[in-house]
Amino acid sequence: MKKSVRFYSGAELVAMAAIDAGCRFFGGYPITPSSEIAEFMSIMLPKVGGKYIQMEDEIAAMGSVIGASLTGEKVLTATSGPGFSLKQENIGYAYMAEVPCVVCNVMRGGPSTGLPTALAQSDIMQAKWGTHGDHPVIALTPAYLEEIYEMTITAFNLAETYRMPVMLLLDEVIAHLSSAIDLPDKEKLVIKSRRKPTVTPDKYYPYDTAYGDVPPMANFFEGYRFHVTGLSHDKTGFPTTDPELVQADQERQIRKVSSKAHEIFDYESYLMKDAEIAIFAFGSTARAARVAIDNARKMGIKVGMVRFRVLWPLDEAEVLKVCSRSKAVIVPEMNMGQLSTIIEKFTADRTKLVKINHVGGVPIHPTDIFNEIKGVN
Amino acid sequence: MAFEYEKYLRMEKMPHLWCPGCGIGIVLKAMIRSLDNMGWDKNDIAFVSGIGCTSRAPGYIDCNTLHTTHGRALTFATGIKMAQPAKHIVVFSGDGDATAIGGNHFIHACRRNIDITLVVVNNNTYGMTGGQHSPTTPIGYKTSTTSFGNIDPTFDICLLAKAAGASYVARSTVNKGKILEKYITKGLENKGFSVIVATANCHTQFGRKNKMGDPISARKWIESREIPLDKARNMKAEELYDKIITGEFISEEPEKTFWDNYNHSTQEYTDAYQTIIEKAQKSKDGESK
């Protein structure tokens, strides 16, 4: 029998991987270009006994996933720029209360309603600093369909492991790609779930640092009867204004990710061994960069790429190590310089930095990058 | 024998943060007696709130408690109820929390008729932030942001809930704790979205600016404006100006008029979703024919 070919879109793969990771709740609100993820989830979730709900707005969608997560469910919401802005209030709550959830943002042109149907990569700083106050951040940036599936699973694993929201940043091109791909063997997937308390309810504290920087998390309705608030709280979960306790809690929350940054950070090093020119890219822009690099290599130009699979936390020491030979860095991105500002900060004293910033909604063409490679060579 | 409130309270969290004579305590006690009437296991109850004076209540209740963001309590509660339809979800909210910043969530929770009981403590003001005017501050009254008298018309929370599709709606005041208990109990018994409004005194913020800065005069002001629903039906609109209409706006036997029932499904939301799960699991290709 002939093997049938199955095409998958980026949006469909987010939904499939979420289900395979154990996600059983989706709270959403329609927005271009992420609506397909909600549509797929509305069909797939009830088939596995999960729950899909379209809420009255983006804020409500984010609230609903936090509520469901507190009962022990793995949860997902998906949105795009304007919705991502609206969700920030409750994303901040999820950081503060340490509630695992995955937030997929299919990036489109901004600010405001901007370019609803066109590509951008301009929410990477909002993913980091979108809500008020300080908090840890994990943001993943897949560039290929296979990676969307794999990294959606990773996003759930990280959310559960670190007890926090994890940002899955797709750009419009990546979400709308459609191609035949081989999916990994489901039996071999590594699926992680939050650590649950091993103590009896009378000895349980929802933010007990005796177990490390990521305290075990009880579910609602399982006898623990704990309190959850967005106010600064002590280990019991009740509000406190004690300066030392608040300070310690904020430091722990930042540390739970920063101390594991080298483990969480992930990138692809493409032809970097001898590279004199390093391209830093992520998402669909990295695909154009790869074509440009291959063309430049044919001309004998020693150019390579650091492609971020995880953008935050960014392990600067690791990146510096990889590009230690590079005399120039090129940062192509679909925004006005959000990534290059970061790269510039730690490479400025040693390399020349070239920025390619397109915000018109049209993908950066390999030729645009190739011309810059030739220019700096 | 006196009722043992301690059974439902986290006594180690006392004293509470409310002002002496605050109306919220009366509503919370009515809530506790109602929970006791139901006889539910405390482990099966989630007590959810937003932001404001009223929203600090869950911290004192010995259940699964969730103090969320301003106005958003019903969104978190909806997620909890969807994930765990067999559990009991109670939301405590103030007038600003429920009908201003949370107004959208309020009408949509009513529309879905999801099995959650919402108690709105209406004290006509934003107490915690210093007594600014809310969507229920009566016209002409002074607050810290309406020094020359409020000109914003008010919401009637019960009529709003009824029009939006809630399946049990009632209102009483802190002067009638036993009636509040009766209404909240009926709300908890109702399989659907229930709204119980408890008109309450905030003498500290609202009262102080309107010549009723002590609990007694503030509660007398409420009492002087209470009109039972049956009596109100026979009164002229101008006679009902600035009055508090009390009673059950929708009870278990709703009036079967066209306007009361058109476009309202009586099915509870998580029950309705169960039929979706069954349909989805029967279909092969994902979409129902």
# chains A, B, ... in the order shown; residues from 1 in each chain; ligands from 1
call {"tool": "closest_atom_pairs", "arguments": {"of": "chain A", "to": "chain B", "cutoff": "7 Å", "atoms": "only C-alpha atoms", "output": "Markdown table"}}
result
| residue | atom | partner | partner_atom | distance |
| --- | --- | --- | --- | --- |
| A:Ile43 | CA | B:Gly286 | CA | 5.9 |
| A:Pro46 | CA | B:Ile277 | CA | 4.5 |
| A:Lys47 | CA | B:Gln281 | CA | 4.7 |
| A:Gly49 | CA | B:Ile277 | CA | 6.1 |
| A:Lys51 | CA | B:Met82 | CA | 6.8 |
| A:Glu56 | CA | B:His108 | CA | 6.6 |
| A:Ala60 | CA | B:Thr75 | CA | 5.0 |
| A:Gly63 | CA | B:Phe76 | CA | 4.6 |
| A:Ser64 | CA | B:Gly79 | CA | 4.0 |
| A:Val65 | CA | B:Gly79 | CA | 5.9 |
| A:Ile66 | CA | B:Phe76 | CA | 6.3 |
| A:Gly67 | CA | B:Phe76 | CA | 4.3 |
| A:Ala68 | CA | B:Gly79 | CA | 4.6 |
| A:Thr71 | CA | B:Ile80 | CA | 6.5 |
| A:Phe220 | CA | B:Asn64 | CA | 5.9 |
| A:Phe221 | CA | B:Asn43 | CA | 5.1 |
| A:Glu222 | CA | B:Asn43 | CA | 6.6 |
| A:Gly223 | CA | B:Asn43 | CA | 5.2 |
| A:Arg225 | CA | B:Asn64 | CA | 4.2 |
| A:Phe226 | CA | B:Asn64 | CA | 5.6 |
| A:His227 | CA | B:Thr65 | CA | 4.8 |
| A:Val228 | CA | B:Leu66 | CA | 4.8 |
| A:Thr229 | CA | B:His67 | CA | 4.7 |
| A:Gly230 | CA | B:Thr68 | CA | 6.2 |
call {"tool": "write_last_selection", "arguments": {"atoms": "C-alpha atoms", "output": "PDB file, in the first residue's frame"}}
result
ATOM      1  CA  ILE A  43     -12.227  19.893  17.582  1.00  0.00           C
ATOM      2  CA  PRO A  46     -13.459  17.168  23.281  1.00  0.00           C
ATOM      3  CA  LYS A  47     -12.339  14.037  21.419  1.00  0.00           C
ATOM      4  CA  GLY A  49     -12.337  14.470  26.967  1.00  0.00           C
ATOM      5  CA  LYS A  51     -12.299  21.241  27.466  1.00  0.00           C
ATOM      6  CA  GLU A  56     -15.535  36.851  25.938  1.00  0.00           C
ATOM      7  CA  ALA A  60     -10.863  36.236  30.163  1.00  0.00           C
ATOM      8  CA  GLY A  63      -7.926  33.942  33.366  1.00  0.00           C
ATOM      9  CA  SER A  64      -9.708  30.735  32.374  1.00  0.00           C
ATOM     10  CA  VAL A  65      -6.479  28.845  31.634  1.00  0.00           C
ATOM     11  CA  ILE A  66      -5.010  29.873  34.998  1.00  0.00           C
ATOM     12  CA  GLY A  67      -8.164  28.674  36.757  1.00  0.00           C
ATOM     13  CA  ALA A  68      -8.059  25.337  34.929  1.00  0.00           C
ATOM     14  CA  THR A  71      -7.084  22.179  39.205  1.00  0.00           C
ATOM     15  CA  PHE A 220      -7.430  22.460  44.021  1.00  0.00           C
ATOM     16  CA  PHE A 221      -9.985  19.997  45.416  1.00  0.00           C
ATOM     17  CA  GLU A 222      -7.447  17.446  46.630  1.00  0.00           C
ATOM     18  CA  GLY A 223      -7.626  18.305  50.308  1.00  0.00           C
ATOM     19  CA  ARG A 225      -7.212  24.011  50.692  1.00  0.00           C
ATOM     20  CA  PHE A 226      -4.451  26.519  50.031  1.00  0.00           C
ATOM     21  CA  HIS A 227      -4.683  30.205  49.131  1.00  0.00           C
ATOM     22  CA  VAL A 228      -3.564  31.756  45.843  1.00  0.00           C
ATOM     23  CA  THR A 229      -3.162  35.502  45.312  1.00  0.00           C
ATOM     24  CA  GLY A 230      -1.493  37.949  42.954  1.00  0.00           C
TER      25      GLY A 230
END
call {"tool": "residues_around", "arguments": {"residues": "Asp230 in chain B", "least_positions_apart": "5", "cutoff": "12 Å", "atoms": "only C-alpha atoms", "output": "PyMOL selection string"}}
result
chain B and resi 235+245-249
call {"tool": "write_last_selection", "arguments": {"atoms": "N, CA and C atoms", "output": "compact mmCIF listing (two decimals), in the first residue's frame"}}
result
# COMPACT_ATOMS: atom_id res chain seq x y z
N MET B 235 -45.70 50.29 41.72
CA MET B 235 -45.31 51.69 41.94
C MET B 235 -44.89 52.35 40.63
N ILE B 245 -34.70 47.77 45.17
CA ILE B 245 -35.78 46.78 45.03
C ILE B 245 -35.22 45.42 45.45
N THR B 246 -35.88 44.83 46.46
CA THR B 246 -35.37 43.57 47.02
C THR B 246 -36.30 42.41 46.70
N GLY B 247 -35.72 41.24 46.62
CA GLY B 247 -36.51 40.04 46.35
C GLY B 247 -35.85 39.16 45.32
N GLU B 248 -36.60 38.18 44.85
CA GLU B 248 -36.06 37.25 43.86
C GLU B 248 -36.51 37.66 42.46
N PHE B 249 -35.58 38.06 41.65
CA PHE B 249 -35.89 38.54 40.29
C PHE B 249 -36.10 37.37 39.34
call {"tool": "select_by_dssp", "arguments": {"residues": "range 28-203 of chain A", "states": "alpha helix (DSSP H)", "output": "mmCIF file with C-alpha atoms, in the first residue's frame"}}
result
data_model
loop_
_atom_site.group_PDB
_atom_site.id
_atom_site.type_symbol
_atom_site.label_atom_id
_atom_site.label_comp_id
_atom_site.auth_asym_id
_atom_site.auth_seq_id
_atom_site.Cartn_x
_atom_site.Cartn_y
_atom_site.Cartn_z
ATOM 1 C CA SER A 35 -7.310 31.619 15.235
ATOM 2 C CA GLU A 36 -6.573 28.272 13.554
ATOM 3 C CA ILE A 37 -4.954 27.018 16.747
ATOM 4 C CA ALA A 38 -8.220 27.653 18.631
ATOM 5 C CA GLU A 39 -10.200 26.035 15.819
ATOM 6 C CA PHE A 40 -8.078 22.885 15.907
ATOM 7 C CA MET A 41 -8.260 22.733 19.699
ATOM 8 C CA SER A 42 -12.071 23.104 19.634
ATOM 9 C CA ILE A 43 -12.227 19.893 17.582
ATOM 10 C CA MET A 44 -9.377 17.908 19.130
ATOM 11 C CA LEU A 45 -9.934 18.585 22.845
ATOM 12 C CA PRO A 46 -13.459 17.168 23.281
ATOM 13 C CA LYS A 47 -12.339 14.037 21.419
ATOM 14 C CA GLU A 58 -8.390 37.867 25.679
ATOM 15 C CA ILE A 59 -8.159 38.768 29.365
ATOM 16 C CA ALA A 60 -10.863 36.236 30.163
ATOM 17 C CA ALA A 61 -9.147 33.575 28.055
ATOM 18 C CA MET A 62 -5.973 34.002 30.090
ATOM 19 C CA GLY A 63 -7.926 33.942 33.366
ATOM 20 C CA SER A 64 -9.708 30.735 32.374
ATOM 21 C CA VAL A 65 -6.479 28.845 31.634
ATOM 22 C CA ILE A 66 -5.010 29.873 34.998
ATOM 23 C CA GLY A 67 -8.164 28.674 36.757
ATOM 24 C CA ALA A 68 -8.059 25.337 34.929
ATOM 25 C CA SER A 69 -4.335 24.932 35.620
ATOM 26 C CA LEU A 70 -4.953 25.318 39.353
ATOM 27 C CA GLY A 81 -0.039 40.918 19.220
ATOM 28 C CA PRO A 82 -3.109 42.899 20.331
ATOM 29 C CA GLY A 83 -4.389 39.918 22.294
ATOM 30 C CA PHE A 84 -0.952 39.349 23.762
ATOM 31 C CA SER A 85 -1.076 42.923 25.071
ATOM 32 C CA LEU A 86 -4.464 42.305 26.687
ATOM 33 C CA LYS A 87 -3.340 39.043 28.247
ATOM 34 C CA GLN A 88 -0.393 40.650 30.009
ATOM 35 C CA GLU A 89 -2.371 41.434 33.176
ATOM 36 C CA ASN A 90 -3.183 37.794 33.863
ATOM 37 C CA ILE A 91 0.165 36.562 32.493
ATOM 38 C CA GLY A 92 1.650 38.619 35.315
ATOM 39 C CA TYR A 93 -0.713 36.880 37.714
ATOM 40 C CA ALA A 94 0.472 33.472 36.487
ATOM 41 C CA TYR A 95 4.088 34.513 37.104
ATOM 42 C CA MET A 96 3.305 35.828 40.559
ATOM 43 C CA ALA A 97 1.160 32.877 41.629
ATOM 44 C CA ILE A 124 10.015 39.354 21.525
ATOM 45 C CA MET A 125 10.544 42.170 24.001
ATOM 46 C CA GLN A 126 6.893 42.104 25.024
ATOM 47 C CA ALA A 127 7.338 38.404 25.763
ATOM 48 C CA LYS A 128 10.133 39.434 28.109
ATOM 49 C CA TRP A 129 8.801 42.668 29.605
ATOM 50 C CA LEU A 145 7.260 22.635 11.249
ATOM 51 C CA GLU A 146 9.038 19.728 12.950
ATOM 52 C CA GLU A 147 10.268 22.196 15.543
ATOM 53 C CA ILE A 148 6.777 23.566 16.172
ATOM 54 C CA TYR A 149 5.651 20.117 17.238
ATOM 55 C CA GLU A 150 8.793 19.380 19.244
ATOM 56 C CA MET A 151 9.005 22.786 20.894
ATOM 57 C CA THR A 152 5.315 22.921 21.805
ATOM 58 C CA ILE A 153 5.948 19.747 23.796
ATOM 59 C CA THR A 154 9.041 21.422 25.278
ATOM 60 C CA ALA A 155 6.979 24.505 26.175
ATOM 61 C CA PHE A 156 4.596 22.367 28.243
ATOM 62 C CA ASN A 157 7.494 20.525 29.866
ATOM 63 C CA LEU A 158 9.169 23.800 30.833
ATOM 64 C CA ALA A 159 5.925 25.362 32.111
ATOM 65 C CA GLU A 160 5.325 22.322 34.304
ATOM 66 C CA THR A 161 8.952 21.997 35.431
ATOM 67 C CA TYR A 162 9.389 25.659 36.350
ATOM 68 C CA GLU A 172 2.840 34.512 11.012
ATOM 69 C CA VAL A 173 4.864 32.710 8.303
ATOM 70 C CA ILE A 174 5.804 29.809 10.576
ATOM 71 C CA ALA A 175 2.216 29.361 11.812
ATOM 72 C CA HIS A 176 0.860 29.314 8.265
#
call {"tool": "residues_around", "arguments": {"residues": "Tyr270 in chain A", "least_positions_apart": "3", "cutoff": "7 Å", "atoms": "only C-alpha atoms", "output": "list in words"}}
result
Gly304, Met305 and Val306 of chain A
call {"tool": "write_last_selection", "arguments": {"atoms": "N, CA and C atoms", "output": "mmCIF file, in the first residue's frame"}}
result
data_model
loop_
_atom_site.group_PDB
_atom_site.id
_atom_site.type_symbol
_atom_site.label_atom_id
_atom_site.label_comp_id
_atom_site.auth_asym_id
_atom_site.auth_seq_id
_atom_site.Cartn_x
_atom_site.Cartn_y
_atom_site.Cartn_z
ATOM 1 N N GLY A 304 28.387 31.970 9.131
ATOM 2 C CA GLY A 304 27.563 30.967 9.811
ATOM 3 C C GLY A 304 26.411 31.626 10.555
ATOM 4 N N MET A 305 25.678 30.800 11.292
ATOM 5 C CA MET A 305 24.504 31.364 11.987
ATOM 6 C C MET A 305 24.317 30.757 13.372
ATOM 7 N N VAL A 306 23.968 31.623 14.291
ATOM 8 C CA VAL A 306 23.453 31.177 15.592
ATOM 9 C C VAL A 306 21.938 31.375 15.512
#
call {"tool": "closest_residue", "arguments": {"among": "A:Gly360, A:Pro243, A:Gly300, A:Gly337", "to": "Asp123 in chain A", "atoms": "only C-alpha atoms"}}
result
A:Gly337
call {"tool": "select_by_dssp", "arguments": {"residues": "range 22-265 of chain A", "states": "strand (DSSP E or B)", "output": "VMD selection string"}}
result
chain A and resid 23 to 28 51 to 54 74 to 79 101 to 109 115 to 119 139 to 140 165 to 171 178 to 180 227 to 229 233 239
call {"tool": "write_last_selection", "arguments": {"atoms": "N, CA and C atoms", "output": "short mmCIF file (atom, residue, chain, number, x, y, z; two decimals), in the first residue's frame"}}
result
data_model
loop_
_atom_site.label_atom_id
_atom_site.label_comp_id
_atom_site.auth_asym_id
_atom_site.auth_seq_id
_atom_site.Cartn_x
_atom_site.Cartn_y
_atom_site.Cartn_z
N CYS A 23 -2.09 18.43 27.29
CA CYS A 23 -2.96 19.60 27.47
C CYS A 23 -4.42 19.17 27.36
N ARG A 24 -5.22 19.56 28.34
CA ARG A 24 -6.64 19.20 28.30
C ARG A 24 -7.55 20.41 28.51
N PHE A 25 -6.99 21.59 28.38
CA PHE A 25 -7.83 22.79 28.49
C PHE A 25 -7.26 23.89 27.60
N PHE A 26 -8.16 24.50 26.83
CA PHE A 26 -7.77 25.65 26.02
C PHE A 26 -8.81 26.74 26.24
N GLY A 27 -8.38 27.92 26.62
CA GLY A 27 -9.26 29.08 26.72
C GLY A 27 -8.76 30.09 25.70
N GLY A 28 -9.62 30.52 24.81
CA GLY A 28 -9.13 31.37 23.73
C GLY A 28 -10.07 32.49 23.35
N LYS A 51 -11.34 20.14 27.50
CA LYS A 51 -12.30 21.24 27.47
C LYS A 51 -11.76 22.40 26.64
N TYR A 52 -12.62 22.89 25.75
CA TYR A 52 -12.29 24.09 24.97
C TYR A 52 -13.33 25.14 25.31
N ILE A 53 -12.91 26.35 25.55
CA ILE A 53 -13.90 27.41 25.74
C ILE A 53 -13.42 28.68 25.06
N GLN A 54 -14.34 29.28 24.30
CA GLN A 54 -14.05 30.59 23.72
C GLN A 54 -14.60 31.62 24.67
N LYS A 74 -3.03 20.64 32.32
CA LYS A 74 -2.08 21.36 31.48
C LYS A 74 -2.90 22.22 30.52
N VAL A 75 -2.50 23.47 30.37
CA VAL A 75 -3.38 24.44 29.69
C VAL A 75 -2.64 25.24 28.63
N LEU A 76 -3.41 25.64 27.62
CA LEU A 76 -2.86 26.43 26.51
C LEU A 76 -3.81 27.56 26.17
N THR A 77 -3.25 28.70 25.78
CA THR A 77 -4.02 29.74 25.10
C THR A 77 -3.18 30.20 23.93
N ALA A 78 -3.84 30.75 22.92
CA ALA A 78 -3.12 31.23 21.74
C ALA A 78 -3.67 32.58 21.34
N THR A 79 -2.77 33.44 20.86
CA THR A 79 -3.21 34.79 20.52
C THR A 79 -2.22 35.41 19.54
N CYS A 101 1.43 27.41 32.52
CA CYS A 101 0.56 27.58 31.36
C CYS A 101 1.43 27.88 30.15
N VAL A 102 0.92 27.54 28.97
CA VAL A 102 1.64 27.87 27.74
C VAL A 102 0.84 28.92 26.98
N VAL A 103 1.53 30.00 26.61
CA VAL A 103 0.91 31.09 25.86
C VAL A 103 1.57 31.14 24.49
N CYS A 104 0.79 30.80 23.46
CA CYS A 104 1.33 30.86 22.10
C CYS A 104 0.97 32.21 21.49
N ASN A 105 1.97 32.92 21.01
CA ASN A 105 1.73 34.21 20.36
C ASN A 105 2.21 34.11 18.92
N VAL A 106 1.25 34.17 17.99
CA VAL A 106 1.61 34.18 16.56
C VAL A 106 1.81 35.64 16.17
N MET A 107 3.07 36.01 16.00
CA MET A 107 3.39 37.45 15.88
C MET A 107 2.99 38.04 14.53
N ARG A 108 2.34 39.19 14.59
CA ARG A 108 1.95 39.96 13.42
C ARG A 108 2.44 41.38 13.61
N GLY A 109 2.29 42.21 12.55
CA GLY A 109 2.82 43.57 12.63
C GLY A 109 2.10 44.42 13.66
N LEU A 115 -0.55 45.21 11.39
CA LEU A 115 -0.73 44.43 10.17
C LEU A 115 -1.31 43.06 10.56
N PRO A 116 -2.64 42.95 10.60
CA PRO A 116 -3.26 41.73 11.13
C PRO A 116 -2.88 40.45 10.40
N THR A 117 -2.65 40.52 9.10
CA THR A 117 -2.42 39.29 8.35
C THR A 117 -0.97 39.14 7.92
N ALA A 118 -0.10 40.03 8.38
CA ALA A 118 1.27 40.01 7.86
C ALA A 118 2.29 39.69 8.95
N LEU A 119 3.42 39.24 8.47
CA LEU A 119 4.50 38.75 9.33
C LEU A 119 5.20 39.85 10.11
N ALA A 139 11.00 31.88 26.55
CA ALA A 139 10.32 32.06 25.26
C ALA A 139 11.01 31.21 24.21
N LEU A 140 10.20 30.44 23.49
CA LEU A 140 10.72 29.53 22.46
C LEU A 140 10.36 30.08 21.07
N PRO A 165 4.34 30.61 33.33
CA PRO A 165 3.94 30.73 31.93
C PRO A 165 5.16 30.56 31.02
N VAL A 166 4.99 29.87 29.92
CA VAL A 166 6.05 29.76 28.91
C VAL A 166 5.50 30.30 27.59
N MET A 167 6.28 31.16 26.95
CA MET A 167 5.86 31.81 25.71
C MET A 167 6.34 31.00 24.51
N LEU A 168 5.40 30.66 23.65
CA LEU A 168 5.73 29.98 22.40
C LEU A 168 5.53 31.01 21.29
N LEU A 169 6.65 31.55 20.79
CA LEU A 169 6.56 32.65 19.83
C LEU A 169 6.71 32.14 18.40
N LEU A 170 5.58 32.11 17.70
CA LEU A 170 5.62 31.79 16.28
C LEU A 170 5.52 33.11 15.53
N ASP A 171 6.04 33.18 14.32
CA ASP A 171 5.65 34.34 13.51
C ASP A 171 4.62 33.87 12.50
N SER A 178 2.69 25.06 5.55
CA SER A 178 2.03 23.77 5.47
C SER A 178 2.90 22.85 4.66
N SER A 179 3.17 21.68 5.24
CA SER A 179 4.06 20.76 4.55
C SER A 179 3.88 19.35 5.10
N ALA A 180 4.37 18.38 4.34
CA ALA A 180 4.35 17.00 4.83
C ALA A 180 5.57 16.81 5.72
N HIS A 227 -4.26 28.89 49.61
CA HIS A 227 -4.68 30.21 49.13
C HIS A 227 -3.75 30.67 48.01
N VAL A 228 -4.34 31.25 46.97
CA VAL A 228 -3.56 31.76 45.84
C VAL A 228 -3.91 33.22 45.64
N THR A 229 -2.92 34.07 45.51
CA THR A 229 -3.16 35.50 45.31
C THR A 229 -2.11 36.10 44.38
N HIS A 233 3.40 37.40 48.47
CA HIS A 233 2.96 36.46 49.50
C HIS A 233 4.17 35.76 50.12
N PRO A 239 -0.92 37.00 51.69
CA PRO A 239 -0.22 38.25 51.42
C PRO A 239 0.75 38.65 52.52
#
